[in-house]
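Have a look at data_29.cif; it's mmCIF, C-alpha atoms:
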data_target
loop_
_atom_site.label_atom_id
_atom_site.label_comp_id
_atom_site.auth_asym_id
_atom_site.auth_seq_id
_atom_site.Cartn_x
_atom_site.Cartn_y
_atom_site.Cartn_z
CA MET A 29 23.42 -28.00 1.28
CA PRO A 30 21.30 -26.59 -1.61
CA GLU A 31 20.32 -22.94 -1.54
CA ALA A 32 16.74 -22.12 -0.54
CA THR A 33 14.45 -21.27 -3.44
CA PRO A 34 13.70 -17.51 -3.50
CA THR A 35 10.16 -16.71 -2.42
CA ALA A 36 7.74 -14.12 -3.74
CA LEU A 37 8.56 -12.04 -0.66
CA ASP A 38 12.28 -12.25 -1.49
CA ALA A 39 11.50 -10.99 -4.98
CA LEU A 40 9.44 -8.10 -3.58
CA LEU A 41 12.18 -7.14 -1.12
CA ASP A 42 14.69 -7.15 -4.00
CA LEU A 43 12.33 -4.89 -5.96
CA LEU A 44 12.22 -2.44 -3.05
CA ASP A 45 16.00 -2.49 -2.50
CA LEU A 46 16.94 0.54 -4.57
CA GLU A 47 20.32 1.20 -6.19
CA ARG A 48 21.98 4.38 -4.95
CA ILE A 49 23.31 6.33 -7.93
CA GLU A 50 24.29 9.55 -6.16
CA ARG A 51 23.88 10.91 -2.62
CA ASP A 52 20.17 11.68 -3.13
CA ILE A 53 19.40 9.80 -6.37
CA PHE A 54 18.18 6.22 -6.43
CA ARG A 55 17.10 3.80 -9.15
CA GLY A 56 14.49 1.08 -8.87
CA GLU A 57 13.38 -1.67 -11.20
CA SER A 58 9.76 -2.21 -12.20
CA ARG A 59 7.59 -5.19 -12.90
CA SER A 60 4.29 -5.77 -14.64
CA ALA A 61 1.05 -5.53 -12.71
CA LEU A 62 -2.49 -6.68 -13.50
CA VAL A 63 -2.90 -3.60 -15.69
CA PRO A 64 -0.37 -2.35 -18.30
CA ARG A 65 1.33 0.07 -15.92
CA VAL A 66 3.44 -0.05 -12.78
CA PHE A 67 1.44 -0.89 -9.63
CA GLY A 68 0.97 2.32 -7.64
CA GLY A 69 1.87 0.65 -4.36
CA GLN A 70 5.26 -0.28 -5.79
CA VAL A 71 6.10 3.32 -6.74
CA ALA A 72 4.91 4.67 -3.38
CA ALA A 73 6.91 2.05 -1.47
CA GLN A 74 10.08 2.62 -3.51
CA ALA A 75 9.78 6.39 -3.08
CA LEU A 76 9.47 5.94 0.68
CA VAL A 77 12.57 3.72 0.65
CA ALA A 78 14.46 6.49 -1.17
CA ALA A 79 13.32 9.11 1.34
CA GLY A 80 14.08 6.88 4.32
CA ARG A 81 17.65 6.23 3.18
CA THR A 82 18.45 9.93 3.55
CA VAL A 83 17.09 10.16 7.12
CA PRO A 84 18.80 9.26 10.44
CA ALA A 85 17.84 5.78 11.64
CA ASP A 86 16.29 7.10 14.86
CA ARG A 87 13.67 9.11 12.93
CA LEU A 88 10.63 7.06 12.03
CA ALA A 89 8.20 7.73 9.19
CA HIS A 90 4.98 9.23 10.56
CA SER A 91 3.24 10.47 7.40
CA LEU A 92 3.33 10.55 3.62
CA HIS A 93 1.34 12.44 1.01
CA ALA A 94 1.63 11.47 -2.64
CA TYR A 95 0.28 12.15 -6.12
CA PHE A 96 0.27 9.72 -9.04
CA LEU A 97 1.03 11.92 -12.04
CA ARG A 98 1.49 9.55 -15.00
CA PRO A 99 1.23 5.80 -15.59
CA GLY A 100 4.54 4.05 -14.93
CA ASP A 101 6.18 1.96 -17.65
CA PRO A 102 6.83 -1.55 -16.24
CA GLY A 103 9.54 -2.10 -18.85
CA ALA A 104 11.79 0.74 -17.69
CA PRO A 105 13.62 1.59 -14.44
CA ILE A 106 12.41 4.46 -12.26
CA VAL A 107 14.76 7.15 -10.95
CA TYR A 108 13.95 8.67 -7.55
CA ASN A 109 15.30 12.16 -6.81
CA VAL A 110 15.21 13.09 -3.12
CA ASP A 111 15.05 16.70 -1.96
CA ARG A 112 16.15 17.26 1.67
CA ILE A 113 13.50 19.83 2.53
CA ARG A 114 14.11 20.10 6.28
CA ASP A 115 16.18 18.58 9.08
CA GLY A 116 14.80 19.91 12.35
CA ARG A 117 15.41 18.96 15.97
CA SER A 118 12.45 16.53 16.02
CA PHE A 119 11.17 16.28 12.45
CA THR A 120 12.77 15.56 9.08
CA THR A 121 10.97 16.24 5.80
CA ARG A 122 11.79 14.80 2.40
CA ARG A 123 10.32 15.30 -1.08
CA VAL A 124 10.77 12.59 -3.71
CA VAL A 125 10.07 12.81 -7.44
CA ALA A 126 9.94 9.57 -9.43
CA VAL A 127 11.03 9.99 -13.06
CA GLN A 128 10.71 7.78 -16.15
CA HIS A 129 11.59 8.70 -19.73
CA GLY A 130 12.47 12.24 -18.57
CA GLN A 131 9.05 12.92 -17.05
CA PRO A 132 7.82 12.86 -13.43
CA ILE A 133 5.35 10.04 -12.82
CA PHE A 134 4.95 10.32 -9.04
CA HIS A 135 5.53 12.84 -6.26
CA LEU A 136 5.90 12.05 -2.55
CA SER A 137 6.31 14.17 0.55
CA ALA A 138 7.24 12.23 3.69
CA SER A 139 7.86 13.31 7.28
CA PHE A 140 9.93 11.51 9.90
CA GLN A 141 10.08 12.09 13.66
CA THR A 142 12.22 11.07 16.62
CA TYR A 143 10.27 9.04 19.18
CA GLU A 144 8.69 10.99 22.02
CA GLU A 145 6.05 10.43 24.71
CA GLY A 146 2.75 12.30 24.47
CA LEU A 147 -1.04 12.23 24.77
CA ASP A 148 -2.51 8.94 23.64
CA HIS A 149 -6.00 7.86 22.55
CA GLN A 150 -7.49 6.01 19.59
CA ALA A 151 -10.69 4.85 17.92
CA ASP A 152 -11.67 1.33 18.95
CA MET A 153 -10.98 -1.53 16.57
CA PRO A 154 -14.21 -2.65 14.85
CA PRO A 155 -15.44 -6.25 15.04
CA ALA A 156 -13.74 -8.52 12.51
CA PRO A 157 -13.46 -12.29 11.98
CA ASP A 158 -10.32 -14.16 12.97
CA PRO A 159 -7.96 -13.99 9.96
CA GLU A 160 -7.05 -17.67 10.34
CA SER A 161 -10.73 -18.55 9.82
CA LEU A 162 -10.86 -16.85 6.40
CA PRO A 163 -10.01 -18.47 3.05
CA THR A 164 -6.56 -17.87 1.60
CA PRO A 165 -6.26 -16.10 -1.77
CA ALA A 166 -5.67 -19.45 -3.50
CA GLU A 167 -8.89 -20.79 -1.97
CA MET A 168 -11.06 -17.70 -2.45
CA LEU A 169 -10.14 -16.10 -5.79
CA PRO A 170 -10.99 -19.04 -8.11
CA ARG A 171 -14.50 -19.10 -6.63
CA HIS A 172 -15.30 -15.68 -8.08
CA LEU A 173 -13.01 -15.13 -11.08
CA PRO A 174 -12.08 -16.99 -14.26
CA ARG A 175 -9.11 -19.26 -13.58
CA GLU A 176 -6.69 -17.23 -15.72
CA VAL A 177 -7.61 -13.95 -13.98
CA ALA A 178 -7.48 -15.59 -10.54
CA ASP A 179 -4.04 -17.03 -11.25
CA ARG A 180 -2.72 -13.65 -12.37
CA LEU A 181 -4.07 -11.97 -9.24
CA ILE A 182 -2.65 -14.68 -6.98
CA GLU A 183 0.76 -14.33 -8.66
CA ALA A 184 0.71 -10.52 -8.45
CA ARG A 185 -0.01 -10.65 -4.70
CA ALA A 186 2.03 -13.75 -3.85
CA ALA A 187 4.28 -11.89 -1.39
CA VAL A 188 1.26 -11.05 0.77
CA ASP A 189 -1.33 -13.20 2.53
CA LEU A 190 -4.43 -11.03 1.98
CA ARG A 191 -7.76 -12.39 3.21
CA TYR A 192 -11.17 -10.81 2.62
CA ALA A 193 -13.57 -10.77 5.57
CA GLU A 194 -16.50 -10.76 3.10
CA THR A 195 -16.96 -11.49 -0.59
CA PRO A 196 -14.85 -9.03 -2.65
CA PRO A 197 -16.43 -6.73 -5.26
CA TRP A 198 -15.95 -9.12 -8.17
CA GLY A 199 -17.92 -11.77 -6.29
CA THR A 200 -21.13 -9.71 -6.03
CA VAL A 201 -21.28 -7.91 -9.39
CA GLY A 202 -24.68 -6.24 -9.88
CA GLU A 203 -25.46 -6.26 -6.15
CA PRO A 204 -24.79 -2.86 -4.51
CA ARG A 205 -23.69 -3.18 -0.89
CA GLU A 206 -22.72 -0.92 1.96
CA PRO A 207 -19.49 0.82 0.93
CA ARG A 208 -17.36 -0.88 3.56
CA SER A 209 -14.85 -3.71 3.35
CA GLN A 210 -12.31 -5.44 5.56
CA VAL A 211 -9.22 -7.43 4.72
CA TRP A 212 -6.54 -8.93 6.92
CA PHE A 213 -3.00 -8.94 5.55
CA ARG A 214 0.57 -9.87 6.43
CA THR A 215 3.64 -10.69 4.40
CA ASN A 216 4.19 -14.32 3.39
CA GLY A 217 7.35 -14.61 5.45
CA LYS A 218 9.24 -12.92 8.24
CA LEU A 219 10.83 -9.50 7.86
CA ALA A 220 13.95 -8.01 9.42
CA ASP A 221 13.58 -5.80 12.50
CA ASP A 222 13.79 -2.57 10.50
CA PRO A 223 10.89 -0.15 11.26
CA LEU A 224 11.19 1.51 7.83
CA LEU A 225 10.85 -1.86 6.09
CA HIS A 226 7.55 -2.60 7.85
CA VAL A 227 6.20 0.86 6.99
CA VAL A 228 7.28 0.39 3.35
CA LEU A 229 5.55 -3.01 3.09
CA ALA A 230 2.33 -1.61 4.58
CA THR A 231 2.51 1.23 2.06
CA TYR A 232 2.88 -1.29 -0.76
CA VAL A 233 -0.20 -3.28 0.35
CA SER A 234 -2.31 -0.20 1.11
CA ASP A 235 -2.89 0.49 -2.60
CA MET A 236 -4.29 -2.99 -3.34
CA THR A 237 -7.84 -2.80 -1.98
CA LEU A 238 -8.66 0.70 -0.72
CA LEU A 239 -11.01 1.60 -3.57
CA ASP A 240 -12.93 -1.69 -3.26
CA SER A 241 -15.49 0.06 -1.06
CA VAL A 242 -16.24 2.52 -3.89
CA LEU A 243 -17.04 -0.43 -6.17
CA LEU A 244 -19.23 -2.15 -3.58
CA ALA A 245 -21.56 0.86 -3.35
CA HIS A 246 -22.39 0.47 -7.05
CA GLY A 247 -22.29 -3.28 -7.51
CA ARG A 248 -19.19 -3.07 -9.70
CA GLY A 249 -16.58 -5.80 -9.86
CA GLY A 250 -13.65 -3.57 -10.69
CA TRP A 251 -10.42 -3.98 -12.57
CA ALA A 252 -10.48 -7.79 -12.30
CA VAL A 253 -13.68 -8.07 -14.35
CA GLY A 254 -13.35 -4.91 -16.45
CA ASP A 255 -16.63 -3.17 -15.60
CA VAL A 256 -14.78 -0.04 -14.46
CA VAL A 257 -11.51 1.60 -15.40
CA GLY A 258 -9.50 3.54 -12.90
CA ALA A 259 -6.24 4.52 -11.30
CA SER A 260 -4.99 6.02 -8.06
CA LEU A 261 -4.79 9.82 -8.04
CA ASP A 262 -3.41 10.61 -4.61
CA HIS A 263 -2.58 8.72 -1.44
CA ALA A 264 -1.96 9.77 2.16
CA MET A 265 -0.91 7.72 5.19
CA TRP A 266 -0.25 8.50 8.85
CA PHE A 267 1.73 6.00 10.94
CA HIS A 268 0.56 6.27 14.54
CA ARG A 269 2.03 3.31 16.44
CA PRO A 270 4.66 0.61 15.88
CA PHE A 271 3.56 -2.50 13.99
CA ARG A 272 4.99 -5.41 12.06
CA ALA A 273 3.89 -6.05 8.47
CA ASP A 274 4.69 -9.75 8.92
CA GLU A 275 1.98 -10.04 11.59
CA TRP A 276 -1.77 -9.81 10.92
CA LEU A 277 -3.09 -6.30 10.27
CA LEU A 278 -6.78 -5.45 9.82
CA TYR A 279 -7.46 -3.03 6.94
CA ASP A 280 -10.89 -1.54 7.71
CA GLN A 281 -11.99 0.46 4.64
CA GLU A 282 -14.95 2.59 3.60
CA SER A 283 -15.96 5.04 0.88
CA PRO A 284 -17.81 8.18 2.01
CA THR A 285 -18.34 9.53 -1.51
CA ALA A 286 -17.89 9.10 -5.27
CA SER A 287 -18.61 11.77 -7.88
CA GLY A 288 -17.18 13.38 -11.00
CA GLY A 289 -15.47 10.18 -12.15
CA ARG A 290 -13.58 9.93 -8.85
CA GLY A 291 -14.07 7.84 -5.72
CA LEU A 292 -12.70 8.38 -2.21
CA GLY A 293 -11.56 5.59 0.09
CA GLN A 294 -10.53 5.99 3.71
CA ALA A 295 -9.32 3.37 6.13
CA ARG A 296 -7.76 2.46 9.44
CA ILE A 297 -5.22 -0.31 9.91
CA TYR A 298 -5.15 -2.10 13.27
CA THR A 299 -2.80 -4.65 14.78
CA GLN A 300 -4.41 -7.94 15.77
CA ASP A 301 -4.39 -6.88 19.44
CA GLY A 302 -6.41 -3.73 18.63
CA ARG A 303 -3.85 -0.92 18.36
CA LEU A 304 -4.58 1.69 15.68
CA ALA A 305 -1.37 1.63 13.64
CA ILE A 306 -2.13 3.56 10.41
CA SER A 307 -4.73 5.87 8.87
CA VAL A 308 -5.07 5.95 5.07
CA ILE A 309 -6.97 8.12 2.55
CA GLN A 310 -6.92 7.72 -1.22
CA GLU A 311 -8.81 9.21 -4.15
CA GLY A 312 -8.86 7.46 -7.49
CA VAL A 313 -10.36 7.70 -10.94
CA VAL A 314 -13.33 5.31 -11.16
CA ARG A 315 -15.05 5.42 -14.53
CA VAL A 316 -17.61 3.19 -16.18
CA PRO A 317 -16.40 2.26 -19.69
CA ARG A 318 -18.43 3.86 -22.46
#

Using structure tokens, write down the structure that the file contains.
Amino acid sequence: MPEATPTALDALLDLLDLERIERDIFRGESRSALVPRVFGGQVAAQALVAAGRTVPADRLAHSLHAYFLRPGDPGAPIVYNVDRIRDGRSFTTRRVVAVQHGQPIFHLSASFQTYEEGLDHQADMPPAPDPESLPTPAEMLPRHLPREVADRLIEARAAVDLRYAETPPWGTVGEPREPRSQVWFRTNGKLADDPLLHVVLATYVSDMTLLDSVLLAHGRGGWAVGDVVGASLDHAMWFHRPFRADEWLLYDQESPTASGGRGLGQARIYTQDGRLAISVIQEGVVRVPR
């Protein structure tokens, strides 16, 4: 029987499967993104993998805080050095520094916790269209972008089924809108029953669209059309409840402010049945080319 053809998700999982060099040192490969640097979501996800592999399996990731320090070189491997900051009775803390060419390019602090019962409440899930009713990336992107750009974006995101609830920024250039956006996403294929893997995949996707709401407020199309230049500066996530990244998740995003060449995005990620799974905040450089 012939072997199954590897999928884009298989390739992404291979990318996130780091090589262990020493007890607390890992090495990951890189790949090109839409811009000439490593995709920030890849570095954040790989760093979380490195941290998670030094933590007991019964301790689940509940938060991460990260800074993007330098652009990553997609042609070179990335070395992840893990510092075991704390191993407490309930919480474990790790610090990870990603290094390329002898220089740190990314810094992550992550905290893990054993499961425990406690007080429970959440913000209600906002109204959103059924994800199955929305166009797929292959159907939607060519409507708004030149074919070459659309094909590159589809290829770059092929491991993920990411569907916009409304027209994305590059589809309404020159038309400022409310700085809010929604996308549904899930992986294009099933994942193993490993809680860390689902958190890592959500981390990877979280860097794809969070600053879209900044662009919408100013009628800018973004990186896909070249009317702004930018990059992620820092990124924070809190993981509140269990979820699966291979099932539909609603990414409800907004931008409360932009100033000084920077824009802030904040978001909540809900499961399809309305449970608040993740909170996300990111600031990025957003500059209009001179």

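Each of A:Arg214, A:His90, A:Arg205, A:His226 was checked against Val242 in chain A using all atoms listed in the file; the smallest atom-to-atom distance is that of A:Arg205.
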
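Each of A:Trp276, A:Phe96, A:Trp198, A:Trp266 was compared to Lys218 in chain A using all atoms listed in the file, and A:Trp276 turns out to be the nearest.
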
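We find CA of Leu181 in chain A and CA of Asp101 in chain A to be spaced 19.2 Å apart.
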
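The result of the PyMOL selection byres ((chain A and resi 281-295) around 7) on the shown file is A:Pro207, A:Arg208, A:Ser209, A:Gln210, A:Leu238, A:Leu239, A:Ser241, A:Val242, A:Tyr279, A:Asp280, A:Arg296, A:Ile297, A:Ser307, A:Val308, A:Ile309, A:Gln310, A:Glu311, A:Gly312, A:Val313, A:Val314, A:Arg315.
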
Could the residues in this selection be written to a file with C-alpha atoms, as a PDB file, in the frame of the given file?
ATOM      1  CA  PRO A 207     -19.490   0.820   0.930  1.00  0.00           C
ATOM      2  CA  ARG A 208     -17.360  -0.880   3.560  1.00  0.00           C
ATOM      3  CA  SER A 209     -14.850  -3.710   3.350  1.00  0.00           C
ATOM      4  CA  GLN A 210     -12.310  -5.440   5.560  1.00  0.00           C
ATOM      5  CA  LEU A 238      -8.660   0.700  -0.720  1.00  0.00           C
ATOM      6  CA  LEU A 239     -11.010   1.600  -3.570  1.00  0.00           C
ATOM      7  CA  SER A 241     -15.490   0.060  -1.060  1.00  0.00           C
ATOM      8  CA  VAL A 242     -16.240   2.520  -3.890  1.00  0.00           C
ATOM      9  CA  TYR A 279      -7.460  -3.030   6.940  1.00  0.00           C
ATOM     10  CA  ASP A 280     -10.890  -1.540   7.710  1.00  0.00           C
ATOM     11  CA  ARG A 296      -7.760   2.460   9.440  1.00  0.00           C
ATOM     12  CA  ILE A 297      -5.220  -0.310   9.910  1.00  0.00           C
ATOM     13  CA  SER A 307      -4.730   5.870   8.870  1.00  0.00           C
ATOM     14  CA  VAL A 308      -5.070   5.950   5.070  1.00  0.00           C
ATOM     15  CA  ILE A 309      -6.970   8.120   2.550  1.00  0.00           C
ATOM     16  CA  GLN A 310      -6.920   7.720  -1.220  1.00  0.00           C
ATOM     17  CA  GLU A 311      -8.810   9.210  -4.150  1.00  0.00           C
ATOM     18  CA  GLY A 312      -8.860   7.460  -7.490  1.00  0.00           C
ATOM     19  CA  VAL A 313     -10.360   7.700 -10.940  1.00  0.00           C
ATOM     20  CA  VAL A 314     -13.330   5.310 -11.160  1.00  0.00           C
ATOM     21  CA  ARG A 315     -15.050   5.420 -14.530  1.00  0.00           C
TER      22      ARG A 315
END

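With distances taken over all atoms listed in the file, A:Val201 is the one residue among A:Val201, A:Ala264, A:Val228, A:Ala193 lying closest to Gly249 in chain A.
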
Thr35 in chain A environment, 10 Å, all atoms listed in the file, sequence neighbours closer than 2 positions dropped, as JSON, numbers by chain: {"A": [32, 33, 37, 38, 39, 40, 41, 186, 187, 216, 217]}

Residue contacts of range 110-127 of chain A (7 Å, all atoms listed in the file) excluding same-chain residues fewer than 3 positions away, as number ranges by chain: A: 52-53, 75, 78-79, 106-107, 130-142

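Proximity to Ala259 in chain A was assessed for A:His93, A:Arg171, A:Arg98, A:Arg59 counting only C-alpha atoms; the smallest distance is recorded for A:Arg98.
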
Nearest to Phe67 in chain A by atom-to-atom distance, counting only C-alpha atoms, from A:Val211, A:Leu169, A:Val227, A:Ala184: A:Ala184

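A straight line drawn from CA of Trp251 in chain A to CA of Gly68 in chain A is 13.9 Å long.
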
Resolved residues for the PyMOL selection byres ((chain A and resi 144-161) around 6) as a ChimeraX atom specification: /A:143,162,302
